[in-house]
$ cat work32.pdb   # PDB, C-alpha atoms
ATOM      1  CA  MET A 134      -8.604  17.297 -39.870
ATOM      2  CA  PRO A 135      -7.547  20.977 -39.478
ATOM      3  CA  ARG A 136      -7.703  23.229 -42.493
ATOM      4  CA  ASP A 137      -4.501  24.421 -44.097
ATOM      5  CA  SER A 138      -4.687  28.187 -43.569
ATOM      6  CA  SER A 139      -1.485  28.822 -45.551
ATOM      7  CA  ALA A 140      -3.027  27.218 -48.650
ATOM      8  CA  THR A 141      -6.185  29.305 -48.204
ATOM      9  CA  LYS A 142      -4.131  32.480 -47.756
ATOM     10  CA  ALA A 143      -2.149  31.694 -50.899
ATOM     11  CA  ARG A 144      -5.338  31.127 -52.920
ATOM     12  CA  LEU A 145      -6.778  34.396 -51.599
ATOM     13  CA  LEU A 146      -3.598  36.284 -52.483
ATOM     14  CA  ASP A 147      -3.521  34.797 -55.988
ATOM     15  CA  ALA A 148      -7.187  35.668 -56.547
ATOM     16  CA  ALA A 149      -6.642  39.145 -55.091
ATOM     17  CA  PHE A 150      -3.684  39.731 -57.420
ATOM     18  CA  THR A 151      -5.869  38.959 -60.430
ATOM     19  CA  GLU A 152      -8.715  41.113 -59.110
ATOM     20  CA  PHE A 153      -6.526  44.118 -58.219
ATOM     21  CA  ALA A 154      -4.640  43.951 -61.523
ATOM     22  CA  ALA A 155      -7.955  44.033 -63.383
ATOM     23  CA  TYR A 156      -9.904  46.557 -61.281
ATOM     24  CA  GLY A 157      -7.558  48.411 -58.928
ATOM     25  CA  ILE A 158      -8.259  48.923 -55.265
ATOM     26  CA  ALA A 159     -11.497  50.863 -55.644
ATOM     27  CA  GLY A 160     -12.972  48.543 -58.261
ATOM     28  CA  ALA A 161     -11.914  45.256 -56.680
ATOM     29  CA  ARG A 162     -14.598  43.289 -54.862
ATOM     30  CA  VAL A 163     -13.862  41.013 -51.939
ATOM     31  CA  ASP A 164     -16.829  38.834 -52.955
ATOM     32  CA  ARG A 165     -15.163  38.074 -56.301
ATOM     33  CA  ILE A 166     -11.804  37.458 -54.626
ATOM     34  CA  ALA A 167     -13.317  35.020 -52.147
ATOM     35  CA  GLU A 168     -15.294  33.241 -54.854
ATOM     36  CA  ALA A 169     -12.261  32.910 -57.137
ATOM     37  CA  ALA A 170     -10.235  31.530 -54.207
ATOM     38  CA  GLY A 171     -12.969  29.126 -53.140
ATOM     39  CA  ALA A 172     -12.909  30.680 -49.679
ATOM     40  CA  ASN A 173     -15.232  32.471 -47.305
ATOM     41  CA  LYS A 174     -15.178  36.271 -47.643
ATOM     42  CA  ARG A 175     -14.730  36.642 -43.882
ATOM     43  CA  LEU A 176     -11.319  35.000 -44.157
ATOM     44  CA  ILE A 177     -10.037  37.988 -46.120
ATOM     45  CA  TYR A 178     -10.760  40.216 -43.146
ATOM     46  CA  ALA A 179      -9.461  37.658 -40.647
ATOM     47  CA  TYR A 180      -6.167  37.123 -42.498
ATOM     48  CA  PHE A 181      -5.486  40.529 -44.019
ATOM     49  CA  GLY A 182      -7.599  43.155 -42.228
ATOM     50  CA  ASN A 183      -9.357  45.083 -44.968
ATOM     51  CA  LYS A 184      -9.237  45.411 -48.743
ATOM     52  CA  GLU A 185      -6.487  48.052 -48.638
ATOM     53  CA  GLN A 186      -4.319  45.870 -46.413
ATOM     54  CA  LEU A 187      -4.943  42.939 -48.743
ATOM     55  CA  PHE A 188      -3.758  45.112 -51.649
ATOM     56  CA  ASP A 189      -0.631  46.031 -49.682
ATOM     57  CA  GLU A 190       0.133  42.354 -49.104
ATOM     58  CA  VAL A 191      -0.481  41.500 -52.780
ATOM     59  CA  LEU A 192       1.860  44.298 -53.838
ATOM     60  CA  ARG A 193       4.512  43.327 -51.279
ATOM     61  CA  ARG A 194       4.342  39.724 -52.449
ATOM     62  CA  ALA A 195       4.627  40.753 -56.128
ATOM     63  CA  LEU A 196       7.627  42.999 -55.403
ATOM     64  CA  THR A 197       9.344  40.264 -53.419
ATOM     65  CA  ALA A 198       8.775  37.734 -56.198
ATOM     66  CA  GLY A 199      10.069  40.253 -58.746
ATOM     67  CA  ALA A 200      13.217  40.923 -56.721
ATOM     68  CA  GLU A 201      13.851  37.187 -56.467
ATOM     69  CA  SER A 202      13.236  36.649 -60.200
ATOM     70  CA  VAL A 203      15.257  39.665 -61.338
ATOM     71  CA  PRO A 204      18.384  40.087 -59.207
ATOM     72  CA  PHE A 205      19.936  43.545 -59.195
ATOM     73  CA  ASP A 206      23.512  44.044 -60.380
ATOM     74  CA  ALA A 207      24.641  47.682 -60.351
ATOM     75  CA  GLU A 208      27.571  46.818 -62.617
ATOM     76  CA  ASP A 209      25.281  45.299 -65.265
ATOM     77  CA  LEU A 210      22.392  47.746 -65.605
ATOM     78  CA  PRO A 211      21.735  46.699 -69.236
ATOM     79  CA  GLY A 212      21.361  43.073 -68.112
ATOM     80  CA  TYR A 213      19.074  44.205 -65.295
ATOM     81  CA  ALA A 214      16.903  46.186 -67.729
ATOM     82  CA  GLY A 215      16.661  43.185 -70.065
ATOM     83  CA  ALA A 216      15.717  40.882 -67.191
ATOM     84  CA  ILE A 217      12.979  43.302 -66.069
ATOM     85  CA  PHE A 218      11.655  43.416 -69.629
ATOM     86  CA  ASP A 219      11.580  39.604 -69.777
ATOM     87  CA  HIS A 220       9.833  39.417 -66.407
ATOM     88  CA  LEU A 221       7.156  41.878 -67.534
ATOM     89  CA  VAL A 222       6.602  40.067 -70.832
ATOM     90  CA  ALA A 223       6.004  36.893 -68.847
ATOM     91  CA  ARG A 224       3.717  38.698 -66.340
ATOM     92  CA  PRO A 225       1.985  41.689 -68.003
ATOM     93  CA  ASP A 226      -0.468  41.791 -65.117
ATOM     94  CA  LEU A 227       2.365  43.168 -62.954
ATOM     95  CA  MET A 228       2.350  46.405 -64.926
ATOM     96  CA  ARG A 229      -1.407  46.741 -64.510
ATOM     97  CA  LEU A 230      -1.058  46.210 -60.762
ATOM     98  CA  ARG A 231       1.704  48.826 -60.670
ATOM     99  CA  LEU A 232      -0.418  51.289 -62.654
ATOM    100  CA  TRP A 233      -3.296  50.878 -60.236
ATOM    101  CA  LYS A 234      -0.920  51.425 -57.320
ATOM    102  CA  LEU A 235       0.408  54.625 -58.887
ATOM    103  CA  LEU A 236      -3.093  55.890 -59.675
ATOM    104  CA  GLU A 237      -4.709  55.077 -56.366
ATOM    105  CA  ARG A 238      -1.711  55.383 -54.020
ATOM    106  CA  PRO A 239       0.887  57.610 -55.670
ATOM    107  CA  SER A 240       3.115  57.944 -52.606
ATOM    108  CA  ALA A 241       5.955  55.490 -52.107
ATOM    109  CA  THR A 242       4.970  52.860 -49.551
ATOM    110  CA  GLY A 243       5.982  49.438 -48.357
ATOM    111  CA  PRO A 244       9.345  47.975 -49.354
ATOM    112  CA  GLU A 245       9.691  50.092 -52.518
ATOM    113  CA  PRO A 246      11.525  53.124 -51.076
ATOM    114  CA  ASP A 247      14.027  50.979 -49.150
ATOM    115  CA  ALA A 248      14.746  48.787 -52.179
ATOM    116  CA  PHE A 249      15.239  51.869 -54.382
ATOM    117  CA  ARG A 250      17.599  53.489 -51.843
ATOM    118  CA  ARG A 251      19.628  50.259 -51.594
ATOM    119  CA  LYS A 252      19.924  49.977 -55.368
ATOM    120  CA  THR A 253      20.814  53.672 -55.675
ATOM    121  CA  ALA A 254      23.618  53.202 -53.131
ATOM    122  CA  GLU A 255      24.922  50.228 -55.139
ATOM    123  CA  VAL A 256      24.869  52.327 -58.337
ATOM    124  CA  ALA A 257      26.764  55.110 -56.520
ATOM    125  CA  ASP A 258      29.395  52.591 -55.405
ATOM    126  CA  ALA A 259      29.722  51.255 -58.968
ATOM    127  CA  GLN A 260      30.090  54.836 -60.221
ATOM    128  CA  GLN A 261      32.881  55.520 -57.711
ATOM    129  CA  ARG A 262      34.709  52.386 -58.901
ATOM    130  CA  GLY A 263      34.359  53.573 -62.516
ATOM    131  CA  GLU A 264      32.172  50.597 -63.494
ATOM    132  CA  VAL A 265      29.163  52.754 -64.361
ATOM    133  CA  ALA A 266      28.820  56.159 -66.040
ATOM    134  CA  GLN A 267      29.202  59.019 -63.605
ATOM    135  CA  GLU A 268      27.416  61.761 -65.555
ATOM    136  CA  MET A 269      24.042  61.200 -63.885
ATOM    137  CA  ASP A 270      23.065  61.178 -60.263
ATOM    138  CA  PRO A 271      22.767  57.518 -59.153
ATOM    139  CA  ALA A 272      19.027  57.847 -58.459
ATOM    140  CA  ASP A 273      18.454  59.457 -61.861
ATOM    141  CA  LEU A 274      20.456  56.767 -63.650
ATOM    142  CA  LEU A 275      18.553  53.976 -61.915
ATOM    143  CA  THR A 276      15.244  55.711 -62.667
ATOM    144  CA  MET A 277      16.141  56.001 -66.352
ATOM    145  CA  VAL A 278      17.195  52.339 -66.586
ATOM    146  CA  LEU A 279      13.929  51.262 -64.936
ATOM    147  CA  ALA A 280      11.989  53.562 -67.248
ATOM    148  CA  ALA A 281      13.696  52.066 -70.311
ATOM    149  CA  ALA A 282      12.838  48.549 -69.142
ATOM    150  CA  GLN A 283       9.175  49.442 -68.616
ATOM    151  CA  ALA A 284       8.641  52.052 -71.350
ATOM    152  CA  TRP A 285       6.932  49.862 -73.911
ATOM    153  CA  PHE A 286       4.480  48.550 -71.331
ATOM    154  CA  TRP A 287       3.505  52.092 -70.318
ATOM    155  CA  ALA A 288       3.300  53.515 -73.810
ATOM    156  CA  ALA A 289       1.695  50.742 -75.853
ATOM    157  CA  GLU A 290      -1.661  52.462 -76.061
ATOM    158  CA  GLY A 291      -4.380  50.465 -77.715
ATOM    159  CA  VAL A 292      -2.531  47.206 -77.085
ATOM    160  CA  ASP A 293      -3.630  44.728 -74.470
ATOM    161  CA  PRO A 294      -0.491  43.862 -72.449
ATOM    162  CA  ASP A 295      -1.576  40.218 -72.442
ATOM    163  CA  GLU A 296      -1.304  40.313 -76.236
ATOM    164  CA  VAL A 297       2.466  40.761 -75.938
ATOM    165  CA  SER A 298       3.139  37.448 -74.264
ATOM    166  CA  GLN A 299       0.376  35.569 -76.079
ATOM    167  CA  SER A 300       0.686  36.539 -79.720
ATOM    168  CA  TRP A 301       3.719  38.650 -80.501
ATOM    169  CA  PRO A 302       6.316  36.847 -82.560
ATOM    170  CA  PRO A 303       9.582  36.164 -80.745
ATOM    171  CA  GLN A 304      11.435  38.365 -83.258
ATOM    172  CA  ARG A 305       9.352  41.408 -82.300
ATOM    173  CA  LEU A 306       9.886  40.806 -78.579
ATOM    174  CA  ALA A 307      13.626  40.319 -79.191
ATOM    175  CA  LEU A 308      13.774  43.636 -81.053
ATOM    176  CA  HIS A 309      12.051  45.474 -78.202
ATOM    177  CA  ARG A 310      14.296  43.784 -75.638
ATOM    178  CA  SER A 311      17.395  44.658 -77.636
ATOM    179  CA  ALA A 312      16.346  48.322 -77.712
ATOM    180  CA  VAL A 313      15.821  48.304 -73.938
ATOM    181  CA  VAL A 314      19.227  46.773 -73.274
ATOM    182  CA  GLU A 315      20.944  49.174 -75.700
ATOM    183  CA  ALA A 316      19.286  52.202 -74.074
ATOM    184  CA  ALA A 317      20.420  51.045 -70.636
ATOM    185  CA  ARG A 318      23.908  50.352 -71.963
ATOM    186  CA  ARG A 319      24.219  53.851 -73.445
ATOM    187  CA  MET A 320      23.119  55.444 -70.185
ATOM    188  CA  SER A 321      25.295  53.375 -67.894
ATOM    189  CA  GLU A 322      28.465  52.617 -69.860
ATOM    190  CA  PRO A 323      31.415  54.564 -68.480
ATOM    191  CA  LYS A 324      33.027  56.970 -70.913
ATOM    192  CA  PRO A 325      36.606  56.175 -71.896
ATOM    193  CA  ALA A 326      39.215  58.425 -70.294
ATOM    194  CA  GLY A 327      39.673  61.671 -72.178
ATOM    195  CA  GLU A 328      36.129  61.903 -73.570
TER     196      GLU A 328
END
$ encode --input "work32.pdb" --output "structure tokens"
Amino acid sequence: MPRDSSATKARLLDAAFTEFAAYGIAGARVDRIAEAAGANKRLIYAYFGNKEQLFDEVLRRALTAGAESVPFDAEDLPGYAGAIFDHLVARPDLMRLRLWKLLERPSATGPEPDAFRRKTAEVADAQQRGEVAQEMDPADLLTMVLAAAQAWFWAAEGVDPDEVSQSWPPQRLALHRSAVVEAARRMSEPKPAGE
């Protein structure tokens, strides 16, 4: 019976996600990834090339899953910010993976720049229609909304991000989420005529 290579690839990618989120690219070990996936280490090289290419695929997969879980709506930037916050509460390991990417590969790579340009163009269109505040450049507005959605996860020094989803009371999470949505609303809400 032939082996199911797609199942093996999926296990390797899941194990690699966990490894890269914990240790980054430099600290990740293909031996640990293979062991956690119950696969032969050589398969990593056969399927993905090298460790850096495996990281790229893990990141691409995480970004794709995030885009599917959190649809973008340029006319509802507060809702988008709240949905990002919810997604990160459910998956705090995503922020760790993103931090490692920024530390070890600070330049924009993969699908990120194209996705940002597409979203920026949608914000610009919403601004032209008067649906979104026009005071900021579309790229700056989108950057600020994204920053608001992720701010707590970047700034919660001394707090394990896993602690948020595991032990924080729902009221505390709701308060943080409400602040994120309100910040995004204030930035993106069009000003009434005459103001």
$ residues_around --input "work32.pdb" --residues "Glu201 (chain A)" --least-positions-apart "6" --cutoff "12 Å" --atoms "all atoms listed in the file" --output "ChimeraX atom specification"
/A:194-195,216-217,220
$ residues_near_point --input "work32.pdb" --point "(24.4, 47.9, -55.5)" --cutoff "12 Å" --atoms "only C-alpha atoms" --output "list in words"
Pro204, Phe205, Asp206, Ala207, Glu208, Asp209, Leu210, Tyr213, Ala248, Phe249, Arg250, Arg251, Lys252, Thr253, Ala254, Glu255, Val256, Ala257, Asp258, Ala259, Gln260, Gln261, Arg262, Glu264, Val265, Pro271, Ala272 and Leu275 of chain A
$ write_last_selection --input "work32.pdb" --atoms "C-alpha atoms" --output "PDB file, in the coordinates of the input"
ATOM      1  CA  PRO A 204      18.384  40.087 -59.207  1.00  0.00           C
ATOM      2  CA  PHE A 205      19.936  43.545 -59.195  1.00  0.00           C
ATOM      3  CA  ASP A 206      23.512  44.044 -60.380  1.00  0.00           C
ATOM      4  CA  ALA A 207      24.641  47.682 -60.351  1.00  0.00           C
ATOM      5  CA  GLU A 208      27.571  46.818 -62.617  1.00  0.00           C
ATOM      6  CA  ASP A 209      25.281  45.299 -65.265  1.00  0.00           C
ATOM      7  CA  LEU A 210      22.392  47.746 -65.605  1.00  0.00           C
ATOM      8  CA  TYR A 213      19.074  44.205 -65.295  1.00  0.00           C
ATOM      9  CA  ALA A 248      14.746  48.787 -52.179  1.00  0.00           C
ATOM     10  CA  PHE A 249      15.239  51.869 -54.382  1.00  0.00           C
ATOM     11  CA  ARG A 250      17.599  53.489 -51.843  1.00  0.00           C
ATOM     12  CA  ARG A 251      19.628  50.259 -51.594  1.00  0.00           C
ATOM     13  CA  LYS A 252      19.924  49.977 -55.368  1.00  0.00           C
ATOM     14  CA  THR A 253      20.814  53.672 -55.675  1.00  0.00           C
ATOM     15  CA  ALA A 254      23.618  53.202 -53.131  1.00  0.00           C
ATOM     16  CA  GLU A 255      24.922  50.228 -55.139  1.00  0.00           C
ATOM     17  CA  VAL A 256      24.869  52.327 -58.337  1.00  0.00           C
ATOM     18  CA  ALA A 257      26.764  55.110 -56.520  1.00  0.00           C
ATOM     19  CA  ASP A 258      29.395  52.591 -55.405  1.00  0.00           C
ATOM     20  CA  ALA A 259      29.722  51.255 -58.968  1.00  0.00           C
ATOM     21  CA  GLN A 260      30.090  54.836 -60.221  1.00  0.00           C
ATOM     22  CA  GLN A 261      32.881  55.520 -57.711  1.00  0.00           C
ATOM     23  CA  ARG A 262      34.709  52.386 -58.901  1.00  0.00           C
ATOM     24  CA  GLU A 264      32.172  50.597 -63.494  1.00  0.00           C
ATOM     25  CA  VAL A 265      29.163  52.754 -64.361  1.00  0.00           C
ATOM     26  CA  PRO A 271      22.767  57.518 -59.153  1.00  0.00           C
ATOM     27  CA  ALA A 272      19.027  57.847 -58.459  1.00  0.00           C
ATOM     28  CA  LEU A 275      18.553  53.976 -61.915  1.00  0.00           C
TER      29      LEU A 275
END
$ closest_residue --input "work32.pdb" --among "A:Asp219, A:Gly182, A:Phe188, A:Glu268" --to "Phe153 (chain A)" --atoms "only C-alpha atoms"
A:Phe188
$ axis_aligned_box --input "work32.pdb" --around "region 146-156 of chain A" --padding-each-side "6 Å" --output "JSON"
{"center_x": -6.7, "center_y": 40.7, "center_z": -57.9, "size_x": 18.4, "size_y": 23.8, "size_z": 22.9}
$ atom_distance --input "work32.pdb" --atom1 "CA of Phe286 (chain A)" --atom2 "CA of Ala223 (chain A)"
12.0 Å
$ closest_residue --input "work32.pdb" --among "A:Trp285, A:Trp233, A:Tyr178, A:Phe218" --to "Arg310 (chain A)" --atoms "all atoms listed in the file"
A:Phe218
$ residues_around --input "work32.pdb" --residues "Ala143 (chain A)" --least-positions-apart "6" --cutoff "12 Å" --atoms "all atoms listed in the file" --output "number ranges by chain"
A: 137, 149-150, 166-167, 169-172, 176-177, 180-181, 187, 190-191, 194
$ closest_residue --input "work32.pdb" --among "A:Arg229, A:Lys324, A:Arg193, A:Lys184" --to "Ala155 (chain A)" --atoms "only C-alpha atoms"
A:Arg229
$ residues_around --input "work32.pdb" --residues "Ala154 (chain A)" --least-positions-apart "6" --cutoff "9 Å" --atoms "only C-alpha atoms" --output "VMD selection string"
chain A and resid 161 226 to 233
